[in-house]
Structures are given as C-alpha cells and as structure tokens.
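Everything below belongs to entry_5.pdb, which stores PDB, C-alpha atoms, pLDDT in the B column.
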```
ATOM      1  CA  MET Z  18     -29.236  26.317  26.448  1.00 44.00           C
ATOM      2  CA  ARG Z  19     -31.203  23.880  24.261  1.00 42.00           C
ATOM      3  CA  GLN Z  20     -29.585  25.285  21.079  1.00 43.00           C
ATOM      4  CA  PHE Z  21     -26.161  24.862  22.665  1.00 36.00           C
ATOM      5  CA  ALA Z  22     -26.962  21.224  23.537  1.00 37.00           C
ATOM      6  CA  VAL Z  23     -28.094  20.517  19.957  1.00 34.00           C
ATOM      7  CA  PHE Z  24     -24.940  22.182  18.615  1.00 35.00           C
ATOM      8  CA  MET Z  25     -22.706  20.145  20.969  1.00 36.00           C
ATOM      9  CA  PHE Z  26     -24.508  16.903  20.037  1.00 34.00           C
ATOM     10  CA  ALA Z  27     -24.008  17.633  16.333  1.00 36.00           C
ATOM     11  CA  ALA Z  28     -20.363  18.595  16.846  1.00 37.00           C
ATOM     12  CA  LEU Z  29     -19.597  15.443  18.837  1.00 35.00           C
ATOM     13  CA  THR Z  30     -21.500  13.214  16.415  1.00 36.00           C
ATOM     14  CA  LEU Z  31     -19.747  14.623  13.342  1.00 38.00           C
ATOM     15  CA  ALA Z  32     -16.260  14.856  14.866  1.00 37.00           C
ATOM     16  CA  PRO Z  33     -15.130  11.298  14.002  1.00 42.00           C
ATOM     17  CA  LEU Z  34     -16.315  11.658  10.398  1.00 40.00           C
ATOM     18  CA  SER Z  35     -14.659  15.028   9.855  1.00 40.00           C
ATOM     19  CA  GLN Z  36     -11.522  13.857  11.642  1.00 46.00           C
ATOM     20  CA  ALA Z  37     -11.286  10.789   9.358  1.00 50.00           C
ATOM     21  CA  HIS Z  38     -11.951  13.032   6.356  1.00 56.00           C
ATOM     22  CA  ALA Z  39      -8.977  15.185   7.395  1.00 62.00           C
ATOM     23  CA  PHE Z  40      -6.778  12.078   7.288  1.00 83.00           C
ATOM     24  CA  SER Z  41      -7.958  10.902   3.861  1.00 92.00           C
ATOM     25  CA  LEU Z  42      -6.453  11.601   0.462  1.00 94.00           C
ATOM     26  CA  LYS Z  43      -8.522  14.021  -1.615  1.00 93.00           C
ATOM     27  CA  GLN Z  44      -9.568  12.951  -5.096  1.00 91.00           C
ATOM     28  CA  GLY Z  45      -9.018  15.473  -7.892  1.00 93.00           C
ATOM     29  CA  GLY Z  46      -9.850  15.396 -11.586  1.00 95.00           C
ATOM     30  CA  ALA Z  47      -9.164  12.581 -14.021  1.00 96.00           C
ATOM     31  CA  THR Z  48      -5.582  11.965 -15.120  1.00 96.00           C
ATOM     32  CA  SER Z  49      -3.679   9.373 -17.136  1.00 96.00           C
ATOM     33  CA  GLN Z  50      -3.754   5.714 -16.174  1.00 95.00           C
ATOM     34  CA  PRO Z  51      -0.228   4.372 -15.662  1.00 95.00           C
ATOM     35  CA  ALA Z  52       0.861   2.554 -18.836  1.00 93.00           C
ATOM     36  CA  GLY Z  53       1.677  -0.630 -16.944  1.00 93.00           C
ATOM     37  CA  HIS Z  54      -1.788  -0.693 -15.360  1.00 93.00           C
ATOM     38  CA  PHE Z  55      -3.422  -0.066 -18.747  1.00 93.00           C
ATOM     39  CA  GLN Z  56      -1.535  -3.036 -20.251  1.00 93.00           C
ATOM     40  CA  PHE Z  57      -2.386  -5.199 -17.218  1.00 92.00           C
ATOM     41  CA  CYS Z  58      -6.094  -4.420 -17.672  1.00 91.00           C
ATOM     42  CA  LYS Z  59      -5.858  -5.116 -21.406  1.00 92.00           C
ATOM     43  CA  ARG Z  60      -4.519  -8.572 -20.519  1.00 91.00           C
ATOM     44  CA  GLY Z  61      -7.651  -9.145 -18.375  1.00 88.00           C
ATOM     45  CA  GLY Z  62      -6.261  -8.294 -14.945  1.00 81.00           C
ATOM     46  CA  ARG Z  63      -8.470  -8.513 -11.843  1.00 78.00           C
ATOM     47  CA  HIS Z  64      -7.826  -4.945 -10.673  1.00 79.00           C
ATOM     48  CA  CYS Z  65      -9.789  -3.393 -13.512  1.00 88.00           C
ATOM     49  CA  GLY Z  66     -13.377  -2.297 -14.030  1.00 86.00           C
ATOM     50  CA  SER Z  67     -16.098  -0.281 -12.386  1.00 85.00           C
ATOM     51  CA  HIS Z  68     -17.969  -0.993  -9.173  1.00 86.00           C
ATOM     52  CA  LYS Z  69     -20.212   0.733  -6.679  1.00 88.00           C
ATOM     53  CA  GLU Z  70     -18.556   2.841  -3.981  1.00 91.00           C
ATOM     54  CA  ALA Z  71     -18.872   1.248  -0.551  1.00 92.00           C
ATOM     55  CA  GLY Z  72     -17.546   4.067   1.599  1.00 93.00           C
ATOM     56  CA  PRO Z  73     -14.659   3.718   4.038  1.00 96.00           C
ATOM     57  CA  ALA Z  74     -14.011   0.382   5.759  1.00 97.00           C
ATOM     58  CA  LYS Z  75     -14.771   0.289   9.462  1.00 97.00           C
ATOM     59  CA  LEU Z  76     -11.314  -0.059  11.016  1.00 97.00           C
ATOM     60  CA  THR Z  77     -11.668  -2.627  13.770  1.00 97.00           C
ATOM     61  CA  ASP Z  78      -8.749  -4.260  15.596  1.00 97.00           C
ATOM     62  CA  ALA Z  79      -9.293  -7.371  13.460  1.00 97.00           C
ATOM     63  CA  ARG Z  80      -9.113  -5.354  10.237  1.00 97.00           C
ATOM     64  CA  MET Z  81      -5.953  -3.519  11.357  1.00 98.00           C
ATOM     65  CA  ASN Z  82      -4.423  -6.909  12.191  1.00 98.00           C
ATOM     66  CA  ALA Z  83      -5.388  -8.083   8.683  1.00 98.00           C
ATOM     67  CA  LEU Z  84      -3.675  -5.044   7.122  1.00 98.00           C
ATOM     68  CA  ASN Z  85      -0.498  -5.672   9.119  1.00 98.00           C
ATOM     69  CA  SER Z  86      -0.530  -9.407   8.445  1.00 98.00           C
ATOM     70  CA  VAL Z  87      -1.061  -9.039   4.689  1.00 98.00           C
ATOM     71  CA  ASN Z  88       1.577  -6.309   4.417  1.00 98.00           C
ATOM     72  CA  ARG Z  89       4.219  -8.401   6.217  1.00 98.00           C
ATOM     73  CA  ARG Z  90       3.273 -11.625   4.443  1.00 98.00           C
ATOM     74  CA  VAL Z  91       3.469 -10.181   0.928  1.00 98.00           C
ATOM     75  CA  ASN Z  92       6.628  -8.198   1.692  1.00 97.00           C
ATOM     76  CA  GLY Z  93       8.279 -11.444   2.819  1.00 97.00           C
ATOM     77  CA  SER Z  94       7.063 -13.538  -0.106  1.00 96.00           C
ATOM     78  CA  ILE Z  95       8.175 -11.467  -3.116  1.00 95.00           C
ATOM     79  CA  ARG Z  96      11.811 -10.701  -3.925  1.00 93.00           C
ATOM     80  CA  ALA Z  97      12.171  -7.080  -5.012  1.00 88.00           C
ATOM     81  CA  ALA Z  98      13.370  -6.866  -8.622  1.00 89.00           C
ATOM     82  CA  SER Z  99      12.732  -4.429 -11.466  1.00 85.00           C
ATOM     83  CA  ASP Z 100      10.530  -5.276 -14.434  1.00 78.00           C
ATOM     84  CA  MET Z 101      13.600  -4.915 -16.651  1.00 87.00           C
ATOM     85  CA  VAL Z 102      15.379  -7.662 -14.701  1.00 88.00           C
ATOM     86  CA  VAL Z 103      12.341  -9.963 -14.391  1.00 86.00           C
ATOM     87  CA  HIS Z 104      10.579  -9.386 -17.744  1.00 86.00           C
ATOM     88  CA  GLY Z 105      13.074  -7.522 -19.921  1.00 84.00           C
ATOM     89  CA  VAL Z 106      10.753  -4.487 -20.264  1.00 85.00           C
ATOM     90  CA  ALA Z 107      10.479  -1.168 -18.449  1.00 85.00           C
ATOM     91  CA  GLU Z 108       6.925  -1.749 -17.165  1.00 87.00           C
ATOM     92  CA  HIS Z 109       5.065  -5.025 -16.648  1.00 85.00           C
ATOM     93  CA  TRP Z 110       2.388  -5.032 -13.981  1.00 89.00           C
ATOM     94  CA  LYS Z 111       1.316  -8.358 -12.523  1.00 87.00           C
ATOM     95  CA  GLU Z 112      -0.240  -9.616  -9.333  1.00 85.00           C
ATOM     96  CA  GLY Z 113       2.445 -11.011  -7.058  1.00 76.00           C
ATOM     97  CA  GLY Z 114       4.848 -13.684  -8.256  1.00 84.00           C
ATOM     98  CA  ARG Z 115       8.174 -14.780  -6.801  1.00 91.00           C
ATOM     99  CA  SER Z 116       9.852 -11.511  -7.722  1.00 91.00           C
ATOM    100  CA  GLY Z 117       8.626  -8.135  -8.828  1.00 91.00           C
ATOM    101  CA  ASP Z 118       8.541  -4.421  -8.160  1.00 94.00           C
ATOM    102  CA  CYS Z 119       6.328  -2.121  -6.113  1.00 95.00           C
ATOM    103  CA  GLU Z 120       3.092  -2.490  -8.101  1.00 95.00           C
ATOM    104  CA  ASP Z 121       3.334  -6.299  -7.995  1.00 95.00           C
ATOM    105  CA  PHE Z 122       3.487  -6.129  -4.185  1.00 97.00           C
ATOM    106  CA  ALA Z 123       0.588  -3.634  -4.059  1.00 97.00           C
ATOM    107  CA  MET Z 124      -1.688  -5.658  -6.342  1.00 95.00           C
ATOM    108  CA  LYS Z 125      -1.010  -8.891  -4.427  1.00 96.00           C
ATOM    109  CA  LYS Z 126      -1.914  -7.109  -1.170  1.00 97.00           C
ATOM    110  CA  ARG Z 127      -5.096  -5.767  -2.778  1.00 96.00           C
ATOM    111  CA  SER Z 128      -6.114  -9.270  -3.899  1.00 95.00           C
ATOM    112  CA  MET Z 129      -5.531 -10.716  -0.459  1.00 97.00           C
ATOM    113  CA  LEU Z 130      -7.533  -7.954   1.248  1.00 97.00           C
ATOM    114  CA  LEU Z 131     -10.398  -8.405  -1.232  1.00 95.00           C
ATOM    115  CA  GLY Z 132     -10.399 -12.033  -0.085  1.00 95.00           C
ATOM    116  CA  ARG Z 133     -10.666 -10.852   3.513  1.00 96.00           C
ATOM    117  CA  GLY Z 134     -13.831  -8.856   2.923  1.00 95.00           C
ATOM    118  CA  PHE Z 135     -12.610  -5.408   1.913  1.00 96.00           C
ATOM    119  CA  HIS Z 136     -14.535  -3.767  -0.947  1.00 95.00           C
ATOM    120  CA  PRO Z 137     -12.672  -2.752  -4.144  1.00 94.00           C
ATOM    121  CA  SER Z 138     -13.505   0.934  -3.564  1.00 94.00           C
ATOM    122  CA  GLN Z 139     -11.688   0.779  -0.207  1.00 96.00           C
ATOM    123  CA  LEU Z 140      -8.456  -0.465  -1.813  1.00 96.00           C
ATOM    124  CA  ARG Z 141      -6.759   2.031  -4.154  1.00 96.00           C
ATOM    125  CA  LEU Z 142      -3.471   1.717  -5.984  1.00 96.00           C
ATOM    126  CA  ALA Z 143      -1.651   5.045  -5.790  1.00 98.00           C
ATOM    127  CA  LYS Z 144       1.345   6.457  -7.626  1.00 97.00           C
ATOM    128  CA  THR Z 145       3.697   8.394  -5.388  1.00 98.00           C
ATOM    129  CA  ARG Z 146       7.095  10.025  -5.528  1.00 97.00           C
ATOM    130  CA  LEU Z 147       9.719   9.007  -2.973  1.00 97.00           C
ATOM    131  CA  ARG Z 148      12.056  11.571  -1.427  1.00 95.00           C
ATOM    132  CA  ASN Z 149      14.784  10.557  -3.891  1.00 96.00           C
ATOM    133  CA  GLY Z 150      12.406  11.376  -6.786  1.00 96.00           C
ATOM    134  CA  GLU Z 151      11.715   7.768  -7.744  1.00 95.00           C
ATOM    135  CA  ALA Z 152       8.162   6.854  -8.811  1.00 95.00           C
ATOM    136  CA  HIS Z 153       6.569   4.293  -6.500  1.00 97.00           C
ATOM    137  CA  ILE Z 154       3.222   2.436  -6.321  1.00 97.00           C
ATOM    138  CA  VAL Z 155       1.561   1.640  -2.987  1.00 98.00           C
ATOM    139  CA  LEU Z 156      -1.790   0.320  -1.801  1.00 98.00           C
ATOM    140  CA  VAL Z 157      -4.012   2.832   0.016  1.00 98.00           C
ATOM    141  CA  VAL Z 158      -6.770   1.474   2.261  1.00 98.00           C
ATOM    142  CA  ARG Z 159      -9.656   3.895   2.885  1.00 97.00           C
ATOM    143  CA  THR Z 160     -11.034   3.529   6.431  1.00 97.00           C
ATOM    144  CA  ASP Z 161     -13.257   5.450   8.803  1.00 97.00           C
ATOM    145  CA  LYS Z 162     -10.039   6.389  10.660  1.00 96.00           C
ATOM    146  CA  GLY Z 163      -8.362   7.796   7.539  1.00 96.00           C
ATOM    147  CA  ASP Z 164      -6.269   6.345   4.708  1.00 97.00           C
ATOM    148  CA  PHE Z 165      -3.522   3.839   5.487  1.00 98.00           C
ATOM    149  CA  VAL Z 166      -0.648   2.782   3.222  1.00 98.00           C
ATOM    150  CA  LEU Z 167       0.693  -0.714   2.650  1.00 98.00           C
ATOM    151  CA  ASP Z 168       4.164  -0.420   1.133  1.00 98.00           C
ATOM    152  CA  ASN Z 169       6.803  -2.946   0.132  1.00 97.00           C
ATOM    153  CA  LEU Z 170       9.525  -0.669   1.558  1.00 97.00           C
ATOM    154  CA  THR Z 171       8.303  -1.167   5.153  1.00 97.00           C
ATOM    155  CA  ASN Z 172       6.403  -3.786   7.138  1.00 98.00           C
ATOM    156  CA  LYS Z 173       4.694  -1.022   9.109  1.00 97.00           C
ATOM    157  CA  VAL Z 174       1.221   0.034   7.930  1.00 98.00           C
ATOM    158  CA  LYS Z 175       1.125   3.838   8.191  1.00 97.00           C
ATOM    159  CA  PRO Z 176      -1.356   6.674   7.804  1.00 97.00           C
ATOM    160  CA  TRP Z 177      -0.693   8.273   4.407  1.00 96.00           C
ATOM    161  CA  ARG Z 178       0.565  11.495   6.016  1.00 94.00           C
ATOM    162  CA  SER Z 179       3.318   9.561   7.836  1.00 95.00           C
ATOM    163  CA  THR Z 180       4.883   8.043   4.722  1.00 95.00           C
ATOM    164  CA  ASN Z 181       7.222  10.809   3.492  1.00 91.00           C
ATOM    165  CA  MET Z 182       5.854  10.272  -0.013  1.00 96.00           C
ATOM    166  CA  ARG Z 183       4.253  12.766  -2.345  1.00 97.00           C
ATOM    167  CA  PHE Z 184       0.985  11.318  -3.630  1.00 97.00           C
ATOM    168  CA  LEU Z 185       0.441  12.076  -7.311  1.00 97.00           C
ATOM    169  CA  LYS Z 186      -2.532  10.017  -8.463  1.00 97.00           C
ATOM    170  CA  MET Z 187      -4.649   7.029  -7.518  1.00 97.00           C
ATOM    171  CA  GLN Z 188      -7.462   4.866  -8.768  1.00 95.00           C
ATOM    172  CA  SER Z 189     -10.915   6.423  -8.539  1.00 93.00           C
ATOM    173  CA  PHE Z 190     -13.242   5.072  -5.850  1.00 89.00           C
ATOM    174  CA  SER Z 191     -15.786   3.839  -8.411  1.00 87.00           C
ATOM    175  CA  ASN Z 192     -13.656   2.642 -11.343  1.00 90.00           C
ATOM    176  CA  ASP Z 193     -10.310   0.859 -11.125  1.00 91.00           C
ATOM    177  CA  ASN Z 194      -9.432   1.906 -14.700  1.00 91.00           C
ATOM    178  CA  LEU Z 195      -9.982   5.599 -13.985  1.00 94.00           C
ATOM    179  CA  TRP Z 196      -7.095   7.333 -12.261  1.00 96.00           C
ATOM    180  CA  VAL Z 197      -7.472  10.716 -10.566  1.00 97.00           C
ATOM    181  CA  ARG Z 198      -5.067  13.342  -9.313  1.00 97.00           C
ATOM    182  CA  VAL Z 199      -4.475  13.567  -5.594  1.00 96.00           C
ATOM    183  CA  ARG Z 200      -5.194  17.054  -4.272  1.00 91.00           C
ATOM    184  CA  GLY Z 201      -3.492  18.743  -1.343  1.00 69.00           C
TER     185      GLY Z 201
END
```

Since I need it in another form, could you write the structure as structure tokens?
Amino acid sequence: MRQFAVFMFAALTLAPLSQAHAFSLKQGGATSQPAGHFQFCKRGGRHCGSHKEAGPAKLTDARMNALNSVNRRVNGSIRAASDMVVHGVAEHWKEGGRSGDCEDFAMKKRSMLLGRGFHPSQLRLAKTRLRNGEAHIVLVVRTDKGDFVLDNLTNKVKPWRSTNMRFLKMQSFSNDNLWVRVRG
C-alpha cells in the first residue's frame, strides 16, 4: 500500500509537468537562420545573442491577459504590408513600425513582452507554413501550460496545436541567433 501511495504521489506531482511538455514544441537539431533575421542581427537588432535558459513562464491569469493584450495591441497598430511594398526588397526584418509583415509583428510583440517581465528564452520566433503553403513567422511563448502562439492573422492567442500551421523551425532556447528544427 505504501509503494502505491508513493507511486500515486509521484504521478500526481509530475502530471502537470508532463502534460505541459506534451503541449510544447520539441526542439530538434540546428538549421539555417532565416536570411532576414541574419541581416537584422547584423544591423544590431535586439532579438539577437545568447542568454541563459529560464525555463517556461508560469502562466498566471495576469500573464495570459498580458499575452492577449499585447497580441491585440500590436495587431491593431501595424498595417500589414509586404517587405517588397514597404522597403523594396524581398526580406527586411524590423521591430514594429507603422506597416510591416508577419516577422515585424512578432518581433514587436516579443519586445513588449520582454518589457513585461518575460525572459528571452520564453519568447521564440518560429517559422511556420500556413495551409496555403505560405511561409509565416509567429511568436511562440513557452509556459508551464504549454506553448502559445501570438499571430498577426488573429487576435486570439492559441496553443500551438490549435493554429493549423506546420512548424518548421524556431529560435533556440539559449541563443536567439541559433535556429533549430521543430520535431514532431
């Protein structure tokens, strides 16, 4: 009976961690850094460099409200426009601005969440593929309740599995310049 009680205690104690792990993107091996991100970092961008991993953010009601607020605020403040239209080039990553494309939205959201106490390792830029085949960049927030996506195509913050996107690669948890494949 005592062994059963110890087993049940361990199972109940580990359940939230393993459940969150099941709802998190899995990091694979190193892959290429998107060209636009590489150029952004070369220009001295803020979303570049190495840092210590902090582990998942504790997802409180206040933090979920912050995610929703930042997502809606940035989505409403930037006019969607391609880099070709805005800058005359195929790829030009920047943080925010009056108009821009998906990565500009994602990097602005990342900056705002850093200002609200999230750690850089909890905020990952990720390259995805939409159902129509188009490449798309989103912000992934790693929490103890799983990974959530902030996307300029919707004001709703969603668990990554509910996005209808195929995740290809994302920034590593310990180095913003290092991009890794997404497994699974």

For the point (-9.8, 11.3, -16.8) in file coordinates, what residues are within 12 Å, counting only C-alpha atoms? Give the answer as a PyMOL selection string?
-> chain Z and resi 44-51+186-189+192-198

Take CA of Phe135 (chain Z) and CA of His68 (chain Z) and report the distance between them in Å, one decimal.
-> 13.1 Å

Written as a ChimeraX atom specification, what is the full residue list that the PyMOL selection byres ((chain Z and resi 172-176) around 10) yields on the file shown?
-> /Z:40-41,81-82,84-93,157-158,162-171,177-180

Restricting the output to C-alpha atoms, write the selected residues as a tab-separated table (two decimals), keeping the file's coordinate frame.
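Just written: result-v3.tsv:
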```tsv
chain	number	residue	atom	x	y	z
Z	40	PHE	CA	-6.78	12.08	7.29
Z	41	SER	CA	-7.96	10.90	3.86
Z	81	MET	CA	-5.95	-3.52	11.36
Z	82	ASN	CA	-4.42	-6.91	12.19
Z	84	LEU	CA	-3.68	-5.04	7.12
Z	85	ASN	CA	-0.50	-5.67	9.12
Z	86	SER	CA	-0.53	-9.41	8.44
Z	87	VAL	CA	-1.06	-9.04	4.69
Z	88	ASN	CA	1.58	-6.31	4.42
Z	89	ARG	CA	4.22	-8.40	6.22
Z	90	ARG	CA	3.27	-11.62	4.44
Z	91	VAL	CA	3.47	-10.18	0.93
Z	92	ASN	CA	6.63	-8.20	1.69
Z	93	GLY	CA	8.28	-11.44	2.82
Z	157	VAL	CA	-4.01	2.83	0.02
Z	158	VAL	CA	-6.77	1.47	2.26
Z	162	LYS	CA	-10.04	6.39	10.66
Z	163	GLY	CA	-8.36	7.80	7.54
Z	164	ASP	CA	-6.27	6.34	4.71
Z	165	PHE	CA	-3.52	3.84	5.49
Z	166	VAL	CA	-0.65	2.78	3.22
Z	167	LEU	CA	0.69	-0.71	2.65
Z	168	ASP	CA	4.16	-0.42	1.13
Z	169	ASN	CA	6.80	-2.95	0.13
Z	170	LEU	CA	9.52	-0.67	1.56
Z	171	THR	CA	8.30	-1.17	5.15
Z	177	TRP	CA	-0.69	8.27	4.41
Z	178	ARG	CA	0.56	11.50	6.02
Z	179	SER	CA	3.32	9.56	7.84
Z	180	THR	CA	4.88	8.04	4.72
```

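Going from CA of Ser138 (chain Z) to CA of Arg159 (chain Z) covers 8.1 Å.
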
Of the candidates Z:Cys58, Z:Val155, Z:Leu140, Z:Thr145, which shows the shortest atom-to-atom distance to Phe184 (chain Z), using only C-alpha atoms?
-> Z:Thr145

Polymer residues at most 7 Å from region 98-112 of chain Z, all atoms listed in the file, same-chain spacing of 3 or more positions, as a ChimeraX atom specification | /Z:53-54,57,116-118,120-121,124-125

Could you save the residues just selected, with C-alpha atoms, as a PDB file, keeping the file's coordinate frame?
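New file selection-v9.pdb:
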```pdb
ATOM      1  CA  GLY Z  53       1.677  -0.630 -16.944  1.00 93.00           C
ATOM      2  CA  HIS Z  54      -1.788  -0.693 -15.360  1.00 93.00           C
ATOM      3  CA  PHE Z  57      -2.386  -5.199 -17.218  1.00 92.00           C
ATOM      4  CA  SER Z 116       9.852 -11.511  -7.722  1.00 91.00           C
ATOM      5  CA  GLY Z 117       8.626  -8.135  -8.828  1.00 91.00           C
ATOM      6  CA  ASP Z 118       8.541  -4.421  -8.160  1.00 94.00           C
ATOM      7  CA  GLU Z 120       3.092  -2.490  -8.101  1.00 95.00           C
ATOM      8  CA  ASP Z 121       3.334  -6.299  -7.995  1.00 95.00           C
ATOM      9  CA  MET Z 124      -1.688  -5.658  -6.342  1.00 95.00           C
ATOM     10  CA  LYS Z 125      -1.010  -8.891  -4.427  1.00 96.00           C
TER      11      LYS Z 125
END
```

Is it possible to get the axis-aligned box enclosing region 135-144 of chain Z (all listed atoms, 5 Å extra per side) as AutoDock Vina command-line options, with centre and edge lengths in Å rounded to one decimal?
```
--center_x -6.6 --center_y 0.5 --center_z -2.9 --size_x 25.9 --size_y 21.9 --size_z 19.5
```

List, as a count of residues only, every residue that the PyMOL selection byres ((chain Z and resi 127) around 9) selects in the file provided.
-> 18

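Put simply, CA of Ala97 (chain Z) is 17.5 Å away from CA of Lys144 (chain Z).
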